[in-house]
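Undergrad: Shown below is the structure under consideration.
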Amino acid sequence: MIFELDNVELYFKNKRILNGIYLKAETGEVTGVLGRNGCGKTSLLDIAFGNLKPKYKLIRIDSKPLLKPLYKAISTKYLPQYDSVPKNFKLKSLFELFEVNWTTFTDQFEDYYPYQNYKFGQLSDGQRRFIEIYIVLKSNSDIVLLDEPFNGISPLMIEGVKHIISDEKLNKIIILTDHRYEDVIDITDTLYLLNNGTTKLIKELNELEDYGYLSVGSLS
């Protein structure tokens with residue numbers, strides 16, 4: 001499957017936020033979007049998912065225009081920056097709801113074994129974030145959108161998330177954005193920079209310095 005987001009125009013209070021956007025992602029690859037804080041990365045994912053209606057957008061699936069919001073037309077999971085699970089939800093019920101196997105999870109991440117009957121709110125911020133990421137990635141979907149998946153979790157958890165992403169991309173389109181550019185670069189197959197309201201396909205990493213996203217020498 002090939003997903004394309006094209007010709008996005010977004011305004012907030014007559015201020016243009018996004019314009020001339022193009023992003024392409026496909027099954028078997030991880031597509032990353034980098035950009036400074038406040039540049040519109042979250043808005044871009046919200047537009048792609050269907051949460052935010054811009055002045056104009058065009059979404060194509062396998063070259064065919066999509067007229068419905070993405071989440072209504074294609075099996076799509078979205079991880080926002082904030083907690084999206086009610087605090088009083090038990091982990092066992094959460095895994096059952098998303099049809100994700102708890103035993104498989106705890107076999108791989110043994111530290112979580114005692115928490116099956118815990119409520120989501122009883123876990124630490126990092127634990128909650130990690131479980132949300134795991135469930136979003138492991139549940140059935142064709143497209144996964146991840147907003148700041150590495151934020152608030154430990155370096156060990158980050159490596160675990162990257163392994164899960166590598167496994168799940170084989171059968172899914174995965175689009176992610178995060179301020180941890182080194183981890184984004186490490187896990188992505190296709191990389192875009194969101195700069196001055198437009199997306200730029202990054203073919204060579206030194207372009208991130210040329211566009212001023214990274215200071216000269218950051219990649220050496």
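Chain labels A, B, ... are given in the sequence in which chains occur in the structure tokens; within each chain residues are numbered consecutively from 1, and ligands are likewise numbered from 1 in the order shown.
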As a PyMOL selection string, please: all residues of region 70-199 of chain A that backbone DSSP puts in helix (DSSP H, G or I).
TA: chain A and resi 70-73+91-97+102-108+110-115+120-122+125-138+155-168+181-187
Undergrad: List the neighbours of Leu146 (chain A) out to 8 Å using only C-alpha atoms; skip same-chain residues closer than 3 positions along the sequence, and give me the result as a compact mmCIF listing (two decimals) with all heavy atoms, in the first residue's frame.
TA:
```txt
# COMPACT_ATOMS: atom_id res chain seq x y z
N TYR A 78 -3.43 5.68 15.77
CA TYR A 78 -2.75 6.96 15.98
C TYR A 78 -2.33 7.06 17.44
O TYR A 78 -3.15 6.95 18.34
CB TYR A 78 -3.69 8.10 15.60
CG TYR A 78 -3.10 9.50 15.70
CD1 TYR A 78 -1.73 9.72 15.67
CD2 TYR A 78 -3.93 10.61 15.81
CE1 TYR A 78 -1.20 11.00 15.75
CE2 TYR A 78 -3.42 11.90 15.89
CZ TYR A 78 -2.05 12.08 15.86
OH TYR A 78 -1.52 13.36 15.95
N LEU A 79 -1.05 7.29 17.67
CA LEU A 79 -0.52 7.54 19.01
C LEU A 79 -0.30 9.04 19.16
O LEU A 79 0.63 9.58 18.57
CB LEU A 79 0.80 6.80 19.21
CG LEU A 79 1.48 7.07 20.56
CD1 LEU A 79 0.88 6.19 21.66
CD2 LEU A 79 2.98 6.84 20.46
N PRO A 80 -1.14 9.73 19.94
CA PRO A 80 -0.92 11.16 20.16
C PRO A 80 0.18 11.38 21.21
O PRO A 80 0.68 10.43 21.81
CB PRO A 80 -2.28 11.64 20.67
CG PRO A 80 -2.86 10.44 21.36
CD PRO A 80 -2.35 9.25 20.61
N PRO A 149 6.94 9.23 19.79
CA PRO A 149 6.94 7.96 20.51
C PRO A 149 8.10 7.78 21.48
O PRO A 149 8.00 6.99 22.43
CB PRO A 149 7.00 6.93 19.38
CG PRO A 149 7.67 7.65 18.25
CD PRO A 149 7.17 9.07 18.35
N ILE A 174 4.21 2.93 8.55
CA ILE A 174 4.47 3.58 9.83
C ILE A 174 5.04 4.98 9.55
O ILE A 174 6.06 5.11 8.86
CB ILE A 174 5.43 2.77 10.71
CG1 ILE A 174 4.80 1.42 11.05
CG2 ILE A 174 5.77 3.54 11.99
CD1 ILE A 174 5.69 0.51 11.90
N ILE A 175 4.37 5.98 10.08
CA ILE A 175 4.82 7.37 9.96
C ILE A 175 5.02 7.90 11.37
O ILE A 175 4.13 7.79 12.21
CB ILE A 175 3.79 8.24 9.22
CG1 ILE A 175 3.51 7.66 7.82
CG2 ILE A 175 4.28 9.69 9.10
CD1 ILE A 175 2.36 8.33 7.09
N LEU A 176 6.19 8.46 11.64
CA LEU A 176 6.46 8.95 12.99
C LEU A 176 7.18 10.29 12.95
O LEU A 176 7.86 10.64 11.98
CB LEU A 176 7.25 7.93 13.80
CG LEU A 176 8.67 7.56 13.38
CD1 LEU A 176 9.70 8.54 13.93
CD2 LEU A 176 9.02 6.16 13.86
N THR A 177 7.00 11.01 14.04
CA THR A 177 7.73 12.26 14.23
C THR A 177 8.22 12.31 15.66
O THR A 177 7.56 11.80 16.57
CB THR A 177 6.86 13.48 13.91
OG1 THR A 177 7.61 14.67 14.14
CG2 THR A 177 5.61 13.50 14.77
```
Undergrad: Name all residues at most 10 Å from region 112-116 of chain A (count only C-alpha atoms; drop same-chain ones fewer than 6 positions away) and give them as number ranges by chain.
TA: A: 90-95, 102-103, 105-106, 122-123, 127, 131
Undergrad: Kindly export the residues of the current selection with all heavy atoms, as a compact mmCIF listing (two decimals), in the first residue's frame.
TA:
```txt
# COMPACT_ATOMS: atom_id res chain seq x y z
N LYS A 90 -8.02 -1.17 33.36
CA LYS A 90 -7.06 -2.21 33.72
C LYS A 90 -6.26 -2.64 32.49
O LYS A 90 -6.80 -2.70 31.38
CB LYS A 90 -7.78 -3.42 34.32
CG LYS A 90 -8.22 -3.24 35.76
CD LYS A 90 -8.69 -4.56 36.35
CE LYS A 90 -9.03 -4.40 37.83
NZ LYS A 90 -9.45 -5.69 38.42
N LEU A 91 -5.00 -2.97 32.72
CA LEU A 91 -4.15 -3.36 31.60
C LEU A 91 -4.69 -4.60 30.89
O LEU A 91 -4.65 -4.68 29.66
CB LEU A 91 -2.72 -3.61 32.07
CG LEU A 91 -1.95 -2.42 32.63
CD1 LEU A 91 -0.49 -2.78 32.82
CD2 LEU A 91 -2.07 -1.20 31.72
N LYS A 92 -5.18 -5.55 31.67
CA LYS A 92 -5.72 -6.76 31.06
C LYS A 92 -6.85 -6.41 30.09
O LYS A 92 -6.90 -6.93 28.97
CB LYS A 92 -6.25 -7.70 32.16
CG LYS A 92 -6.87 -8.98 31.63
CD LYS A 92 -7.39 -9.83 32.78
CE LYS A 92 -8.05 -11.10 32.26
NZ LYS A 92 -8.59 -11.95 33.37
N SER A 93 -7.74 -5.53 30.51
CA SER A 93 -8.87 -5.13 29.66
C SER A 93 -8.40 -4.33 28.44
O SER A 93 -8.95 -4.47 27.35
CB SER A 93 -9.86 -4.28 30.47
OG SER A 93 -10.36 -5.00 31.57
N LEU A 94 -7.36 -3.54 28.64
CA LEU A 94 -6.81 -2.74 27.54
C LEU A 94 -6.25 -3.64 26.44
O LEU A 94 -6.53 -3.43 25.25
CB LEU A 94 -5.73 -1.81 28.09
CG LEU A 94 -5.03 -0.89 27.08
CD1 LEU A 94 -6.02 0.09 26.47
CD2 LEU A 94 -3.88 -0.14 27.75
N PHE A 95 -5.49 -4.65 26.83
CA PHE A 95 -4.92 -5.57 25.85
C PHE A 95 -6.02 -6.36 25.15
O PHE A 95 -5.94 -6.62 23.95
CB PHE A 95 -3.91 -6.50 26.52
CG PHE A 95 -2.53 -5.92 26.63
CD1 PHE A 95 -2.26 -4.85 27.46
CD2 PHE A 95 -1.49 -6.43 25.86
CE1 PHE A 95 -1.00 -4.32 27.55
CE2 PHE A 95 -0.21 -5.91 25.93
CZ PHE A 95 0.04 -4.83 26.78
N TRP A 102 -1.37 -10.38 25.92
CA TRP A 102 -0.62 -9.97 27.11
C TRP A 102 0.57 -10.89 27.38
O TRP A 102 1.66 -10.43 27.72
CB TRP A 102 -1.55 -9.95 28.33
CG TRP A 102 -0.83 -9.72 29.63
CD1 TRP A 102 -0.43 -10.67 30.53
CD2 TRP A 102 -0.38 -8.46 30.15
NE1 TRP A 102 0.22 -10.08 31.59
CE2 TRP A 102 0.25 -8.72 31.38
CE3 TRP A 102 -0.48 -7.15 29.70
CZ2 TRP A 102 0.80 -7.72 32.16
CZ3 TRP A 102 0.07 -6.14 30.49
CH2 TRP A 102 0.70 -6.42 31.70
N THR A 103 0.39 -12.20 27.20
CA THR A 103 1.47 -13.16 27.47
C THR A 103 2.65 -12.94 26.54
O THR A 103 3.81 -12.98 26.97
CB THR A 103 0.95 -14.61 27.33
OG1 THR A 103 -0.14 -14.81 28.25
CG2 THR A 103 2.05 -15.61 27.64
N PHE A 105 3.46 -10.16 25.22
CA PHE A 105 4.08 -8.92 25.69
C PHE A 105 4.99 -9.16 26.88
O PHE A 105 6.15 -8.73 26.90
CB PHE A 105 2.98 -7.92 26.05
CG PHE A 105 3.47 -6.67 26.73
CD1 PHE A 105 4.31 -5.78 26.08
CD2 PHE A 105 3.08 -6.37 28.03
CE1 PHE A 105 4.76 -4.62 26.71
CE2 PHE A 105 3.51 -5.22 28.67
CZ PHE A 105 4.35 -4.34 28.00
N THR A 106 4.50 -9.89 27.90
CA THR A 106 5.30 -10.10 29.11
C THR A 106 6.42 -11.11 28.90
O THR A 106 7.41 -11.10 29.63
CB THR A 106 4.42 -10.54 30.28
OG1 THR A 106 3.62 -11.67 29.91
CG2 THR A 106 3.51 -9.40 30.71
N GLN A 122 -1.96 3.67 37.53
CA GLN A 122 -1.04 3.26 38.59
C GLN A 122 0.40 3.13 38.08
O GLN A 122 1.33 2.98 38.88
CB GLN A 122 -1.49 1.92 39.20
CG GLN A 122 -2.77 2.01 40.00
CD GLN A 122 -3.20 0.66 40.54
OE1 GLN A 122 -3.78 -0.16 39.82
NE2 GLN A 122 -2.88 0.41 41.80
N LEU A 123 0.58 3.15 36.79
CA LEU A 123 1.91 3.01 36.21
C LEU A 123 2.60 4.36 36.13
O LEU A 123 1.97 5.42 36.19
CB LEU A 123 1.81 2.40 34.81
CG LEU A 123 1.12 1.05 34.69
CD1 LEU A 123 1.06 0.62 33.24
CD2 LEU A 123 1.82 -0.01 35.53
N GLN A 127 6.11 4.03 31.78
CA GLN A 127 5.45 2.73 31.58
C GLN A 127 4.16 2.88 30.78
O GLN A 127 3.88 2.08 29.89
CB GLN A 127 5.16 2.09 32.94
CG GLN A 127 6.39 1.58 33.66
CD GLN A 127 6.08 1.16 35.09
OE1 GLN A 127 5.19 1.70 35.75
NE2 GLN A 127 6.81 0.16 35.58
N ILE A 131 3.49 1.18 27.04
CA ILE A 131 2.37 0.27 26.78
C ILE A 131 1.49 0.80 25.67
O ILE A 131 1.04 0.05 24.78
CB ILE A 131 1.56 0.02 28.07
CG1 ILE A 131 2.34 -0.94 28.97
CG2 ILE A 131 0.17 -0.53 27.77
CD1 ILE A 131 1.71 -1.23 30.30
```
Undergrad: Residues of region 172-206 of chain A within 8 Å of region 31-49 of chain A: nearest atom pair and distance (Å, one decimal) for each, counting only C-alpha atoms, sorted by chain and number, as a Markdown table?
TA:
```
| residue | atom | partner | partner_atom | distance |
| --- | --- | --- | --- | --- |
| A:Ile174 | CA | A:Thr31 | CA | 6.2 |
| A:Ile175 | CA | A:Thr31 | CA | 4.7 |
| A:Leu176 | CA | A:Gly32 | CA | 5.0 |
| A:Thr177 | CA | A:Val33 | CA | 4.8 |
| A:Asp178 | CA | A:Leu34 | CA | 6.6 |
| A:His179 | CA | A:Leu34 | CA | 6.9 |
| A:Tyr181 | CA | A:Leu34 | CA | 6.9 |
| A:Val184 | CA | A:Gly32 | CA | 6.3 |
| A:Ile185 | CA | A:Gly32 | CA | 7.6 |
| A:Thr188 | CA | A:Thr31 | CA | 5.5 |
| A:Asp189 | CA | A:Thr31 | CA | 6.0 |
| A:Thr190 | CA | A:Thr31 | CA | 4.8 |
| A:Leu191 | CA | A:Gly32 | CA | 4.8 |
| A:Tyr192 | CA | A:Val33 | CA | 4.8 |
| A:Leu193 | CA | A:Leu34 | CA | 4.8 |
| A:Leu194 | CA | A:Gly35 | CA | 4.9 |
| A:Asn195 | CA | A:Gly35 | CA | 6.3 |
| A:Asn196 | CA | A:Cys39 | CA | 7.3 |
| A:Gly197 | CA | A:Cys39 | CA | 6.8 |
```
Undergrad: Using C-alpha atoms, can you export the residues from the last selection as a PDB file, in the first residue's frame?
TA:
```
ATOM      1  CA  ILE A 174       4.467   3.584   9.828  1.00  0.00           C
ATOM      2  CA  ILE A 175       4.824   7.372   9.962  1.00  0.00           C
ATOM      3  CA  LEU A 176       6.459   8.954  12.986  1.00  0.00           C
ATOM      4  CA  THR A 177       7.731  12.256  14.231  1.00  0.00           C
ATOM      5  CA  ASP A 178       9.955  12.968  17.209  1.00  0.00           C
ATOM      6  CA  HIS A 179      12.418  15.607  18.408  1.00  0.00           C
ATOM      7  CA  TYR A 181      16.460  13.160  15.619  1.00  0.00           C
ATOM      8  CA  VAL A 184      14.330   8.993  14.082  1.00  0.00           C
ATOM      9  CA  ILE A 185      17.231   8.783  11.642  1.00  0.00           C
ATOM     10  CA  THR A 188      13.429   5.474   9.322  1.00  0.00           C
ATOM     11  CA  ASP A 189      13.740   4.425   5.689  1.00  0.00           C
ATOM     12  CA  THR A 190      12.411   7.710   4.288  1.00  0.00           C
ATOM     13  CA  LEU A 191      12.955  11.049   6.000  1.00  0.00           C
ATOM     14  CA  TYR A 192      11.243  14.420   5.572  1.00  0.00           C
ATOM     15  CA  LEU A 193      12.011  17.765   7.153  1.00  0.00           C
ATOM     16  CA  LEU A 194       9.106  20.071   7.929  1.00  0.00           C
ATOM     17  CA  ASN A 195      10.508  23.565   7.533  1.00  0.00           C
ATOM     18  CA  ASN A 196       8.754  26.894   6.925  1.00  0.00           C
ATOM     19  CA  GLY A 197       5.451  25.092   6.492  1.00  0.00           C
TER      20      GLY A 197
END
```
Undergrad: Please measure the separation of CA of Leu156 (chain A) and CA of Glu168 (chain A), giving the value in Å to one decimal.
TA: 18.7 Å
Undergrad: Please determine, counting only C-alpha atoms, which residue among A:Glu159, A:Asp183, A:Asp111, A:Glu148 has the shortest atom-to-atom distance to Arg129 (chain A).
TA: A:Glu148
Undergrad: Restricting the calculation to only C-alpha atoms: of A:Val30, A:Ala73, A:Met157, A:Ile17, which residue gets closest to Lys169 (chain A)?
TA: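 Looking at the shortest contact to Lys169 (chain A), the residue is A:Val30.
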Undergrad: Can you tell me, as a JSON list (two decimals) with N, CA and C atoms, in the first residue's frame, what residues are no more than 12 Å from Phe3 (chain A) when counting only C-alpha atoms, ignoring any on the same chain fewer than 3 positions away?
TA:
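As a result, result-v4.json now contains:
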```
[["chain", "number", "residue", "atom", "x", "y", "z"],
["A", 6, "ASP", "N", -0.90, 15.26, 0.17],
["A", 6, "ASP", "CA", -0.45, 16.24, -0.82],
["A", 6, "ASP", "C", -1.24, 17.54, -0.70],
["A", 22, "TYR", "N", 3.92, 17.68, 0.85],
["A", 22, "TYR", "CA", 3.83, 16.38, 0.19],
["A", 22, "TYR", "C", 4.57, 15.37, 1.05],
["A", 23, "LEU", "N", 3.91, 14.24, 1.28],
["A", 23, "LEU", "CA", 4.53, 13.16, 2.06],
["A", 23, "LEU", "C", 4.06, 11.84, 1.49],
["A", 24, "LYS", "N", 5.00, 10.95, 1.30],
["A", 24, "LYS", "CA", 4.69, 9.63, 0.75],
["A", 24, "LYS", "C", 5.24, 8.57, 1.70],
["A", 25, "ALA", "N", 4.41, 7.55, 1.97],
["A", 25, "ALA", "CA", 4.83, 6.44, 2.83],
["A", 25, "ALA", "C", 4.25, 5.15, 2.27],
["A", 26, "GLU", "N", 4.92, 4.06, 2.51],
["A", 26, "GLU", "CA", 4.44, 2.80, 1.98],
["A", 26, "GLU", "C", 4.71, 1.64, 2.92],
["A", 27, "THR", "N", 3.94, 0.58, 2.72],
["A", 27, "THR", "CA", 4.08, -0.62, 3.53],
["A", 27, "THR", "C", 5.51, -1.16, 3.40],
["A", 28, "GLY", "N", 6.08, -1.55, 4.53],
["A", 28, "GLY", "CA", 7.44, -2.09, 4.53],
["A", 28, "GLY", "C", 8.49, -1.06, 4.86],
["A", 29, "GLU", "N", 8.06, 0.20, 5.02],
["A", 29, "GLU", "CA", 9.02, 1.27, 5.34],
["A", 29, "GLU", "C", 8.52, 2.11, 6.51],
["A", 30, "VAL", "N", 9.47, 2.72, 7.20],
["A", 30, "VAL", "CA", 9.16, 3.70, 8.24],
["A", 30, "VAL", "C", 9.47, 5.07, 7.66],
["A", 31, "THR", "N", 8.51, 5.96, 7.72],
["A", 31, "THR", "CA", 8.68, 7.32, 7.22],
["A", 31, "THR", "C", 8.74, 8.27, 8.41],
["A", 48, "ALA", "N", -3.50, 14.04, 8.56],
["A", 48, "ALA", "CA", -3.42, 12.74, 7.90],
["A", 48, "ALA", "C", -4.45, 11.77, 8.47],
["A", 49, "PHE", "N", -4.61, 11.76, 9.79],
["A", 49, "PHE", "CA", -5.53, 10.84, 10.45],
["A", 49, "PHE", "C", -6.98, 11.22, 10.20],
["A", 58, "LEU", "N", -5.16, 16.64, 0.03],
["A", 58, "LEU", "CA", -5.44, 15.53, -0.87],
["A", 58, "LEU", "C", -4.72, 14.30, -0.34],
["A", 59, "ILE", "N", -5.49, 13.26, -0.04],
["A", 59, "ILE", "CA", -4.90, 11.99, 0.39],
["A", 59, "ILE", "C", -5.16, 10.96, -0.71],
["A", 60, "ARG", "N", -4.12, 10.25, -1.07],
["A", 60, "ARG", "CA", -4.25, 9.17, -2.05],
["A", 60, "ARG", "C", -3.77, 7.85, -1.43],
["A", 61, "ILE", "N", -4.51, 6.80, -1.71],
["A", 61, "ILE", "CA", -4.10, 5.45, -1.35],
["A", 61, "ILE", "C", -3.93, 4.67, -2.65],
["A", 62, "ASP", "N", -2.71, 4.23, -2.89],
["A", 62, "ASP", "CA", -2.40, 3.53, -4.14],
["A", 62, "ASP", "C", -2.86, 4.36, -5.35],
["A", 63, "SER", "N", -2.56, 5.65, -5.29],
["A", 63, "SER", "CA", -2.81, 6.62, -6.37],
["A", 63, "SER", "C", -4.27, 7.03, -6.52],
["A", 64, "LYS", "N", -5.17, 6.47, -5.68],
["A", 64, "LYS", "CA", -6.59, 6.82, -5.78],
["A", 64, "LYS", "C", -6.95, 7.82, -4.68],
["A", 65, "PRO", "N", -7.58, 8.95, -5.03],
["A", 65, "PRO", "CA", -7.97, 9.93, -4.01],
["A", 65, "PRO", "C", -8.91, 9.33, -2.96],
["A", 66, "LEU", "N", -8.66, 9.69, -1.72],
["A", 66, "LEU", "CA", -9.48, 9.22, -0.61],
["A", 66, "LEU", "C", -10.41, 10.36, -0.18],
["A", 70, "LEU", "N", -9.16, 9.38, 6.82],
["A", 70, "LEU", "CA", -8.35, 8.17, 6.75],
["A", 70, "LEU", "C", -8.83, 7.11, 7.73],
["A", 74, "ILE", "N", -9.49, 3.42, 6.13],
["A", 74, "ILE", "CA", -8.41, 2.44, 6.25],
["A", 74, "ILE", "C", -8.17, 2.17, 7.73],
["A", 76, "THR", "N", -6.47, 2.34, 10.73],
["A", 76, "THR", "CA", -5.38, 3.23, 11.10],
["A", 76, "THR", "C", -5.34, 3.42, 12.61],
["A", 142, "ASP", "N", -3.43, -1.11, 9.13],
["A", 142, "ASP", "CA", -2.65, -0.97, 7.90],
["A", 142, "ASP", "C", -1.69, 0.22, 7.98],
["A", 143, "ILE", "N", -2.10, 1.22, 8.77],
["A", 143, "ILE", "CA", -1.31, 2.44, 8.90],
["A", 143, "ILE", "C", -1.18, 2.80, 10.38],
["A", 144, "VAL", "N", 0.02, 3.18, 10.79],
["A", 144, "VAL", "CA", 0.26, 3.61, 12.17],
["A", 144, "VAL", "C", 0.92, 4.98, 12.14],
["A", 145, "LEU", "N", 0.35, 5.92, 12.90],
["A", 145, "LEU", "CA", 0.90, 7.26, 13.03],
["A", 145, "LEU", "C", 1.38, 7.44, 14.47],
["A", 172, "LYS", "N", 2.91, -2.96, 7.59],
["A", 172, "LYS", "CA", 2.21, -1.73, 7.87],
["A", 172, "LYS", "C", 2.96, -0.53, 7.32],
["A", 173, "ILE", "N", 2.22, 0.53, 7.10],
["A", 173, "ILE", "CA", 2.82, 1.84, 6.87],
["A", 173, "ILE", "C", 3.00, 2.49, 8.24],
["A", 174, "ILE", "N", 4.21, 2.93, 8.55],
["A", 174, "ILE", "CA", 4.47, 3.58, 9.83],
["A", 174, "ILE", "C", 5.04, 4.98, 9.55],
["A", 175, "ILE", "N", 4.37, 5.98, 10.08],
["A", 175, "ILE", "CA", 4.82, 7.37, 9.96],
["A", 175, "ILE", "C", 5.02, 7.90, 11.37]]
```
Undergrad: Please identify all polymer residues within 10 Å of Tyr211 (chain A), counting only C-alpha atoms, omitting same-chain residues fewer than 3 positions from it, and present them as a list of chain:residue names.
TA: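 Listing them by chain and then by number gives A:Leu193, A:Asn195, A:Lys200, A:Asn206, A:Glu207, A:Leu208, A:Leu214, A:Ser215.
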Undergrad: For those residues, write N, CA, C and O atoms to a file as a PDB file, in the first residue's frame.
TA:
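File selection-v6.pdb, as written:
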```pdb
ATOM      1  N   LEU A 193      11.847  16.646   6.237  1.00  0.00           N
ATOM      2  CA  LEU A 193      12.011  17.765   7.153  1.00  0.00           C
ATOM      3  C   LEU A 193      10.859  18.731   6.919  1.00  0.00           C
ATOM      4  O   LEU A 193      10.612  19.153   5.792  1.00  0.00           O
ATOM      5  N   ASN A 195       9.796  22.302   7.342  1.00  0.00           N
ATOM      6  CA  ASN A 195      10.508  23.565   7.533  1.00  0.00           C
ATOM      7  C   ASN A 195       9.773  24.683   6.803  1.00  0.00           C
ATOM      8  O   ASN A 195       9.442  24.546   5.626  1.00  0.00           O
ATOM      9  N   LYS A 200      10.295  18.729   3.047  1.00  0.00           N
ATOM     10  CA  LYS A 200      11.431  18.547   2.140  1.00  0.00           C
ATOM     11  C   LYS A 200      11.944  17.112   2.313  1.00  0.00           C
ATOM     12  O   LYS A 200      12.281  16.706   3.431  1.00  0.00           O
ATOM     13  N   ASN A 206      23.270  15.387   5.522  1.00  0.00           N
ATOM     14  CA  ASN A 206      23.857  16.720   5.706  1.00  0.00           C
ATOM     15  C   ASN A 206      22.905  17.835   5.266  1.00  0.00           C
ATOM     16  O   ASN A 206      23.120  19.004   5.583  1.00  0.00           O
ATOM     17  N   GLU A 207      21.822  17.462   4.557  1.00  0.00           N
ATOM     18  CA  GLU A 207      20.813  18.462   4.207  1.00  0.00           C
ATOM     19  C   GLU A 207      20.126  19.002   5.458  1.00  0.00           C
ATOM     20  O   GLU A 207      19.638  20.133   5.459  1.00  0.00           O
ATOM     21  N   LEU A 208      20.085  18.211   6.528  1.00  0.00           N
ATOM     22  CA  LEU A 208      19.500  18.686   7.782  1.00  0.00           C
ATOM     23  C   LEU A 208      20.299  19.856   8.349  1.00  0.00           C
ATOM     24  O   LEU A 208      19.750  20.751   8.992  1.00  0.00           O
ATOM     25  N   LEU A 214      19.748  21.253  11.989  1.00  0.00           N
ATOM     26  CA  LEU A 214      20.842  20.869  12.881  1.00  0.00           C
ATOM     27  C   LEU A 214      22.004  21.832  12.680  1.00  0.00           C
ATOM     28  O   LEU A 214      22.232  22.331  11.568  1.00  0.00           O
ATOM     29  N   SER A 215      22.741  22.071  13.738  1.00  0.00           N
ATOM     30  CA  SER A 215      23.932  22.909  13.621  1.00  0.00           C
ATOM     31  C   SER A 215      25.024  22.126  12.884  1.00  0.00           C
ATOM     32  O   SER A 215      25.078  20.899  12.937  1.00  0.00           O
TER      33      SER A 215
END
```
Undergrad: Measuring atom to atom with only C-alpha atoms, identify which of A:Arg128, A:Gly160, A:Leu52, A:Ser141 is nearest to Phe89 (chain A).
TA: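 Among A:Arg128, A:Gly160, A:Leu52, A:Ser141, it is A:Arg128 that comes nearest to Phe89 (chain A).
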Undergrad: Between A:Lys72, A:Leu67, A:Glu96, A:Thr104, which one has atoms that come closest to Asn51 (chain A), using only C-alpha atoms?
TA: A:Lys72
Undergrad: As a PyMOL selection string, list the residues of region 127-174 of chain A assigned to strand (DSSP E or B) by DSSP on the backbone atoms of this structure.
TA: chain A and resi 143-147+173-174
Undergrad: Please provide as number ranges by chain all residues within 8 Å of Pro54 (chain A), with the sequence filter that same-chain residues fewer than 6 positions apart are discarded (counting only C-alpha atoms).
TA: A: 8-11, 47
Undergrad: A:Asp125, A:Glu99, A:Asp186, A:Asp107: which is nearest Asn140 (chain A), counting only C-alpha atoms?
TA: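 Ranked by minimum distance to Asn140 (chain A), first place goes to A:Glu99.
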